[in-house]
file input_33.tsv (TSV, C-alpha atoms)
chain	number	residue	atom	x	y	z
A	1	MET	CA	39.39	170.70	13.14
A	2	ARG	CA	40.84	167.26	12.46
A	3	PHE	CA	42.20	166.11	9.08
A	4	PRO	CA	39.23	165.08	6.86
A	5	LEU	CA	40.57	161.78	5.53
A	6	GLU	CA	41.07	158.92	7.96
A	7	ARG	CA	42.30	155.35	7.39
A	8	PHE	CA	40.28	152.36	8.57
A	9	LYS	CA	40.55	148.59	8.41
A	10	ILE	CA	37.28	146.66	8.04
A	11	VAL	CA	36.31	143.86	10.44
A	12	GLY	CA	33.21	141.80	9.63
A	13	HIS	CA	31.39	140.47	6.59
A	14	SER	CA	28.17	142.47	6.52
A	15	MET	CA	29.31	144.73	3.64
A	16	GLU	CA	30.30	141.97	1.24
A	17	PRO	CA	30.57	141.67	-1.71
A	18	ASP	CA	31.74	145.30	-2.05
A	19	PHE	CA	33.81	145.45	1.13
A	20	TYR	CA	35.70	142.58	2.69
A	21	SER	CA	36.93	141.98	6.20
A	22	GLY	CA	40.58	143.10	6.31
A	23	GLN	CA	40.18	145.61	3.49
A	24	ARG	CA	41.47	149.13	4.08
A	25	ILE	CA	39.39	152.18	3.31
A	26	ILE	CA	39.42	155.93	3.78
A	27	ILE	CA	36.53	157.81	5.35
A	28	ASN	CA	35.96	161.48	4.59
A	29	ARG	CA	34.98	163.17	7.85
A	30	TRP	CA	34.10	166.43	6.11
A	31	ALA	CA	31.71	164.91	3.57
A	32	TYR	CA	28.60	166.02	5.39
A	33	ILE	CA	29.64	169.48	6.54
A	34	PHE	CA	27.80	171.25	3.73
A	35	SER	CA	25.43	168.48	2.66
A	36	ASP	CA	23.45	165.62	4.15
A	37	PRO	CA	23.86	161.90	3.47
A	38	THR	CA	21.80	160.61	0.55
A	39	ILE	CA	20.35	157.19	-0.17
A	40	GLY	CA	23.06	154.82	-1.32
A	41	ASP	CA	25.89	156.52	0.57
A	42	ILE	CA	28.28	154.23	2.44
A	43	ILE	CA	28.69	155.86	5.82
A	44	ALA	CA	30.72	155.48	8.99
A	45	PHE	CA	28.90	156.06	12.26
A	46	ARG	CA	29.32	155.56	15.98
A	47	ASP	CA	28.02	152.26	17.32
A	48	ARG	CA	25.06	153.05	19.58
A	49	HIS	CA	25.87	150.17	21.92
A	50	ASP	CA	29.59	150.84	22.09
A	51	LYS	CA	30.55	154.45	21.45
A	52	GLY	CA	34.17	153.49	21.04
A	53	LYS	CA	33.34	151.50	17.94
A	54	ILE	CA	32.69	152.82	14.45
A	55	ALA	CA	30.46	150.93	12.01
A	56	LEU	CA	30.18	150.91	8.21
A	57	LYS	CA	26.80	150.57	6.47
A	58	LYS	CA	24.79	151.80	3.49
A	59	VAL	CA	21.99	154.38	3.75
A	60	LYS	CA	18.77	152.80	2.55
A	61	LYS	CA	16.07	155.20	3.76
A	62	ILE	CA	15.99	158.74	5.16
A	63	LEU	CA	13.33	160.13	7.47
A	64	ASP	CA	13.93	163.80	8.37
A	65	LYS	CA	17.45	163.69	9.85
A	66	SER	CA	17.32	159.98	10.69
A	67	TYR	CA	18.93	157.32	8.57
A	68	TYR	CA	18.03	153.66	8.05
A	69	VAL	CA	21.27	151.82	7.36
A	70	VAL	CA	21.80	148.28	6.13
A	71	GLY	CA	24.64	145.93	5.32
A	72	LEU	CA	25.11	144.94	1.69
A	73	ASN	CA	25.16	141.33	2.81
A	74	GLN	CA	21.69	141.27	4.28
A	75	GLU	CA	21.85	137.55	4.99
A	76	ASP	CA	24.43	138.38	7.63
A	77	SER	CA	24.25	141.93	8.86
A	78	GLN	CA	23.42	143.68	12.09
A	79	ASP	CA	21.92	146.97	11.01
A	80	SER	CA	18.84	149.22	11.25
A	81	ARG	CA	16.68	146.13	11.01
A	82	SER	CA	17.79	145.42	14.58
A	83	PHE	CA	18.87	148.79	16.03
A	84	GLY	CA	16.58	151.17	14.14
A	85	TYR	CA	17.33	154.55	12.57
A	86	ILE	CA	20.53	156.40	13.41
A	87	SER	CA	20.73	160.17	13.80
A	88	SER	CA	22.93	162.57	11.86
A	89	LYS	CA	24.88	163.22	15.09
A	90	GLU	CA	26.05	159.60	15.08
A	91	ILE	CA	27.46	159.83	11.55
A	92	ILE	CA	31.15	160.59	11.37
A	93	GLY	CA	31.79	160.47	7.63
A	94	LYS	CA	31.40	158.99	4.19
A	95	PHE	CA	33.32	156.24	2.44
A	96	PHE	CA	35.88	157.86	0.15
A	97	THR	CA	38.07	155.13	-1.35
A	98	ARG	CA	39.75	151.76	-0.83
A	99	TYR	CA	43.49	151.35	-0.77
B	1	MET	CA	51.54	155.25	-5.81
B	2	ILE	CA	49.18	156.76	-3.24
B	3	LYS	CA	48.09	153.26	-2.21
B	4	VAL	CA	51.71	152.23	-1.69
B	5	LEU	CA	52.27	155.33	0.40
B	6	LEU	CA	49.16	154.65	2.49
B	7	ARG	CA	50.19	151.05	3.06
B	8	ALA	CA	53.59	152.28	4.21
B	9	ILE	CA	51.90	154.70	6.61
B	10	ASP	CA	49.80	151.78	7.93
B	11	LYS	CA	52.99	150.01	8.96
B	12	ILE	CA	53.98	152.99	11.07
B	13	SER	CA	50.52	153.93	12.31
B	14	THR	CA	47.86	151.20	12.35
B	15	PRO	CA	44.53	152.26	10.83
B	16	LYS	CA	41.49	152.35	13.08
B	17	THR	CA	39.02	149.49	13.02
B	18	ILE	CA	35.65	149.98	11.38
B	19	TYR	CA	33.04	147.29	11.96
B	20	ALA	CA	30.85	145.73	9.30
B	21	HIS	CA	28.81	143.92	11.93
B	22	CYS	CA	27.50	140.48	11.19
B	23	ASP	CA	24.13	139.33	12.37
B	24	ILE	CA	25.50	136.16	13.89
B	25	PRO	CA	28.94	135.46	15.34
B	26	CYS	CA	31.21	135.16	12.32
B	27	GLY	CA	32.60	131.75	11.65
B	28	ILE	CA	29.52	129.76	12.60
B	29	TYR	CA	28.80	128.02	9.34
B	30	ASP	CA	28.02	124.36	8.72
B	31	PRO	CA	26.59	122.69	5.62
B	32	HIS	CA	25.18	119.85	7.72
B	33	LEU	CA	21.65	121.21	7.51
B	34	ALA	CA	21.86	121.33	3.71
B	35	GLN	CA	22.81	117.66	3.67
B	36	VAL	CA	19.95	116.69	5.98
B	37	ALA	CA	17.56	118.70	3.80
B	38	ALA	CA	18.84	116.92	0.66
B	39	HIS	CA	18.29	113.55	2.39
B	40	THR	CA	14.77	114.67	3.27
B	41	VAL	CA	14.08	115.47	-0.40
B	42	ILE	CA	15.20	111.92	-1.32
B	43	ARG	CA	12.93	110.45	1.35
B	44	MET	CA	9.89	112.53	0.38
B	45	THR	CA	10.38	111.65	-3.29
B	46	ALA	CA	10.48	107.95	-2.36
B	47	LEU	CA	7.37	108.26	-0.19
B	48	ILE	CA	5.48	109.98	-3.00
B	49	ASN	CA	6.47	107.20	-5.40
B	50	GLU	CA	5.31	104.56	-2.88
B	51	LEU	CA	1.79	106.01	-2.69
B	52	PRO	CA	-0.94	103.81	-4.19
B	53	ASP	CA	-2.19	104.79	-7.66
B	54	GLU	CA	-5.91	104.76	-6.83
B	55	ASP	CA	-7.45	108.00	-5.58
B	56	SER	CA	-8.48	108.29	-1.96
B	57	LYS	CA	-8.72	111.02	0.61
B	58	ASP	CA	-5.89	109.45	2.57
B	59	ARG	CA	-3.65	109.35	-0.53
B	60	GLU	CA	-4.40	112.98	-1.37
B	61	HIS	CA	-3.62	113.98	2.17
B	62	LYS	CA	-0.30	112.17	2.25
B	63	LEU	CA	0.66	113.45	-1.19
B	64	ALA	CA	0.02	117.02	-0.06
B	65	ARG	CA	2.11	116.57	3.07
B	66	TYR	CA	5.04	114.86	1.32
B	67	THR	CA	5.05	117.44	-1.44
B	68	LEU	CA	5.04	120.31	1.02
B	69	VAL	CA	7.99	118.88	2.95
B	70	LYS	CA	9.87	118.19	-0.30
B	71	GLU	CA	9.31	121.80	-1.39
B	72	GLU	CA	10.44	123.23	1.93
B	73	HIS	CA	13.59	121.14	2.16
B	74	ALA	CA	14.65	121.75	-1.43
B	75	GLU	CA	14.37	125.45	-0.65
B	76	LEU	CA	16.32	124.92	2.57
B	77	VAL	CA	19.17	123.36	0.58
B	78	LYS	CA	19.28	126.51	-1.53
B	79	LYS	CA	19.24	128.83	1.47
B	80	GLU	CA	21.93	127.01	3.45
B	81	VAL	CA	24.27	126.67	0.48
B	82	ARG	CA	23.67	130.25	-0.62
B	83	VAL	CA	24.53	131.67	2.81
B	84	ILE	CA	27.78	129.70	3.08
B	85	TRP	CA	28.67	130.53	-0.51
B	86	GLY	CA	27.93	134.24	-0.06
B	87	ASP	CA	29.14	134.80	3.49
B	88	TYR	CA	31.84	132.26	4.21
B	89	PHE	CA	33.73	131.56	0.98
B	90	LYS	CA	36.34	134.12	0.01
B	91	PRO	CA	38.28	134.77	-3.22
B	92	GLU	CA	41.23	132.71	-1.97
B	93	HIS	CA	38.91	129.68	-1.61
B	94	LEU	CA	37.82	130.12	-5.21
B	95	GLU	CA	41.42	130.11	-6.34
B	96	ARG	CA	41.88	126.77	-4.59
B	97	TYR	CA	38.50	125.36	-5.68
B	98	PRO	CA	37.74	126.90	-9.08
B	99	LYS	CA	34.68	124.68	-9.55
B	100	LEU	CA	32.93	126.21	-6.52
B	101	HIS	CA	30.76	128.70	-8.44
B	102	SER	CA	29.60	126.10	-10.96
B	103	LEU	CA	28.97	123.61	-8.15
B	104	VAL	CA	26.70	126.10	-6.34
B	105	PHE	CA	24.97	126.87	-9.64
B	106	GLU	CA	24.31	123.14	-10.14
B	107	ILE	CA	22.94	122.83	-6.60
B	108	MET	CA	20.54	125.72	-7.22
B	109	LYS	CA	19.33	124.18	-10.49
B	110	LEU	CA	18.95	120.69	-9.02
B	111	SER	CA	17.07	122.09	-6.01
B	112	SER	CA	14.58	123.64	-8.42
B	113	LYS	CA	14.35	120.44	-10.45
B	114	VAL	CA	13.52	118.27	-7.42
B	115	ARG	CA	10.79	120.73	-6.49
B	116	GLN	CA	9.30	120.72	-9.97
B	117	GLU	CA	9.46	116.95	-10.48
B	118	ILE	CA	9.13	113.65	-8.60
B	119	ASN	CA	12.62	112.70	-9.64
B	120	PRO	CA	14.67	110.20	-7.55
B	121	GLU	CA	17.74	110.52	-9.80
B	122	ALA	CA	17.81	114.31	-9.50
B	123	SER	CA	17.36	114.02	-5.73
B	124	GLU	CA	20.39	111.71	-5.48
B	125	GLN	CA	22.37	114.06	-7.71
B	126	LEU	CA	21.42	116.96	-5.44
B	127	LEU	CA	22.72	115.13	-2.37
B	128	ALA	CA	25.95	114.24	-4.18
B	129	LYS	CA	26.53	117.88	-5.15
B	130	VAL	CA	25.74	119.10	-1.65
B	131	GLN	CA	28.26	116.60	-0.31
B	132	ASP	CA	30.90	117.85	-2.79
B	133	PHE	CA	30.16	121.34	-1.45
B	134	THR	CA	30.43	120.08	2.14
B	135	GLU	CA	33.80	118.45	1.50
B	136	ILE	CA	35.17	121.67	0.02
B	137	PHE	CA	33.82	123.64	2.97
B	138	TRP	CA	35.56	121.46	5.57
B	139	GLU	CA	38.78	121.33	3.58
B	140	THR	CA	38.94	125.13	3.56
B	141	LYS	CA	38.75	125.00	7.35
B	142	GLY	CA	41.65	122.56	7.50
B	143	VAL	CA	39.38	119.74	8.59
B	144	LYS	CA	39.43	116.40	6.85
B	145	PRO	CA	35.92	115.43	5.70
B	146	THR	CA	34.86	111.78	5.84
B	147	LYS	CA	31.77	109.97	4.60
B	148	ALA	CA	29.78	107.81	7.00
B	149	PRO	CA	26.51	105.90	6.61
B	150	SER	CA	23.64	108.32	7.13
B	151	ASN	CA	21.50	105.85	9.06
B	152	TYR	CA	18.49	107.70	7.66
B	153	PRO	CA	15.62	105.96	5.81
B	154	SER	CA	16.93	107.75	2.71
B	155	GLY	CA	20.07	105.61	2.90
B	156	GLY	CA	23.37	106.74	1.47
B	157	GLU	CA	25.98	108.66	3.34
B	158	ILE	CA	26.62	111.92	5.11
B	159	VAL	CA	29.83	113.95	5.08
B	160	LEU	CA	31.22	114.74	8.51
B	161	PRO	CA	34.20	116.74	9.72
B	162	THR	CA	36.88	114.68	11.44
B	163	LYS	CA	39.97	115.55	13.40
B	164	GLY	CA	43.41	115.60	11.83

call {"tool": "encode", "arguments": {"input": "input_33.tsv", "output": "structure tokens"}}
result
Amino acid sequence: MRFPLERFKIVGHSMEPDFYSGQRIIINRWAYIFSDPTIGDIIAFRDRHDKGKIALKKVKKILDKSYYVVGLNQEDSQDSRSFGYISSKEIIGKFFTRY
Amino acid sequence: MIKVLLRAIDKISTPKTIYAHCDIPCGIYDPHLAQVAAHTVIRMTALINELPDEDSKDREHKLARYTLVKEEHAELVKKEVRVIWGDYFKPEHLERYPKLHSLVFEIMKLSSKVRQEINPEASEQLLAKVQDFTEIFWETKGVKPTKAPSNYPSGGEIVLPTKG
């Protein structure tokens, strides 16, 4: 099993004002081993259109094991409003901290 | 201490990229539409003031149309400025232009005022503030802004980006 905490650098403006492009954060990959994401969680998940990419969004709604995610900057965000709900299998972890 | 350590690790091993996807290609911002909308508010205010005083169906009709367009374009000023302010401007821009927040606040208030009233002075003030905002925007992009005659029926000028 891989180390739970992983470093990432943000690209894009859809999570402003809380997260800025260029900011560095840590994602906890073990956050959802014993629990499920809850509304308000900031999560990292695999981009459905490009599996090599990982995206950062906030959970807004939950339907069974599907999650509706949005950017904090909804004026300028590509999120579940365009690509729909994501599944728990696509989620790789939860925002842990900035550094 | 931990942050310093993590930053040091980043220099040895680059962190992965995580995408906060934007809805539109980042970097496509332009306050031009806000200026055109502010000019439209000036024009609609003037047209309302030019209407005859006596009641007629034609006057009522024109008043309704001019008022609607004035409302829509005052709101458009707000939307365009708000998006650039929220999405484009960054903390480093604020350090360079400390009046930016108060300028946006004034634009929001003036946009409401020109909706509420038939006020030529407030409409001109709105355009002036939007042009201040436009000049700051282009300066942050390293582009020299210049004023040119608008050539619109509303008169006045429009701020344009120029080379160099």

call {"tool": "closest_residue", "arguments": {"input": "input_33.tsv", "among": "B:Ala20, B:Ala122, B:Leu63, B:Ile136", "to": "A:Ile54", "atoms": "all atoms listed in the file"}}
result
B:Ala20

call {"tool": "residues_around", "arguments": {"input": "input_33.tsv", "residues": "A:Ser77", "least_positions_apart": "2", "cutoff": "10 Å", "atoms": "all atoms listed in the file", "output": "ChimeraX atom specification"}}
result
/A:12-16,57,70-75,79-82 /B:20-24

call {"tool": "write_last_selection", "arguments": {"input": "input_33.tsv", "atoms": "C-alpha atoms", "output": "tab-separated table (two decimals), in the coordinates of the input"}}
result
chain	number	residue	atom	x	y	z
A	12	GLY	CA	33.21	141.80	9.63
A	13	HIS	CA	31.39	140.47	6.59
A	14	SER	CA	28.17	142.47	6.52
A	15	MET	CA	29.31	144.73	3.64
A	16	GLU	CA	30.30	141.97	1.24
A	57	LYS	CA	26.80	150.57	6.47
A	70	VAL	CA	21.80	148.28	6.13
A	71	GLY	CA	24.64	145.93	5.32
A	72	LEU	CA	25.11	144.94	1.69
A	73	ASN	CA	25.16	141.33	2.81
A	74	GLN	CA	21.69	141.27	4.28
A	75	GLU	CA	21.85	137.55	4.99
A	79	ASP	CA	21.92	146.97	11.01
A	80	SER	CA	18.84	149.22	11.25
A	81	ARG	CA	16.68	146.13	11.01
A	82	SER	CA	17.79	145.42	14.58
B	20	ALA	CA	30.85	145.73	9.30
B	21	HIS	CA	28.81	143.92	11.93
B	22	CYS	CA	27.50	140.48	11.19
B	23	ASP	CA	24.13	139.33	12.37
B	24	ILE	CA	25.50	136.16	13.89

call {"tool": "closest_atom_pairs", "arguments": {"input": "input_33.tsv", "of": "stretch 40-72 of chain B", "to": "stretch 77-92 of chain B", "cutoff": "12 Å", "atoms": "only C-alpha atoms", "output": "CSV"}}
result
residue,atom,partner,partner_atom,distance
B:Thr40,CA,B:Val77,CA,10.1
B:Val41,CA,B:Val77,CA,9.4
B:Lys70,CA,B:Val77,CA,10.7
B:Glu71,CA,B:Val77,CA,10.2
B:Glu72,CA,B:Val77,CA,8.8

call {"tool": "closest_residue", "arguments": {"input": "input_33.tsv", "among": "B:Phe105, B:Tyr66, B:Tyr29, B:Tyr97", "to": "chain A", "atoms": "only C-alpha atoms"}}
result
B:Tyr29

call {"tool": "residues_around", "arguments": {"input": "input_33.tsv", "residues": "A:Pro4", "least_positions_apart": "4", "cutoff": "7 Å", "atoms": "only C-alpha atoms", "output": "PyMOL selection string"}}
result
chain A and resi 28-30

call {"tool": "residues_around", "arguments": {"input": "input_33.tsv", "residues": "A:Lys60", "least_positions_apart": "2", "cutoff": "10 Å", "atoms": "all atoms listed in the file", "output": "JSON, numbers by chain"}}
result
{"A": [38, 39, 40, 41, 42, 57, 58, 62, 67, 68, 69, 70, 71, 80]}

call {"tool": "residues_around", "arguments": {"input": "input_33.tsv", "residues": "A:Phe95", "least_positions_apart": "2", "cutoff": "9 Å", "atoms": "only C-alpha atoms", "output": "VMD selection string"}}
result
chain A and resid 25 to 29 31 41 to 44 56 93 97 to 98

call {"tool": "atom_distance", "arguments": {"input": "input_33.tsv", "atom1": "atom CA of B:Pro145", "atom2": "atom CA of B:Pro161"}}
result
4.6 Å

call {"tool": "residues_around", "arguments": {"input": "input_33.tsv", "residues": "A:Arg46", "least_positions_apart": "3", "cutoff": "8 Å", "atoms": "all atoms listed in the file", "output": "list of chain:residue names"}}
result
A:Asp50, A:Lys51, A:Gly52, A:Lys53, A:Ile54, A:Ala55, A:Glu90, A:Ile91, A:Ile92

call {"tool": "write_last_selection", "arguments": {"input": "input_33.tsv", "atoms": "C-alpha atoms", "output": "CSV table (one decimal), in the frame of the given file"}}
result
chain,number,residue,atom,x,y,z
A,50,ASP,CA,29.6,150.8,22.1
A,51,LYS,CA,30.6,154.4,21.4
A,52,GLY,CA,34.2,153.5,21.0
A,53,LYS,CA,33.3,151.5,17.9
A,54,ILE,CA,32.7,152.8,14.4
A,55,ALA,CA,30.5,150.9,12.0
A,90,GLU,CA,26.0,159.6,15.1
A,91,ILE,CA,27.5,159.8,11.6
A,92,ILE,CA,31.2,160.6,11.4

call {"tool": "atom_distance", "arguments": {"input": "input_33.tsv", "atom1": "atom CA of A:Lys9", "atom2": "atom CA of A:Tyr99"}}
result
10.0 Å
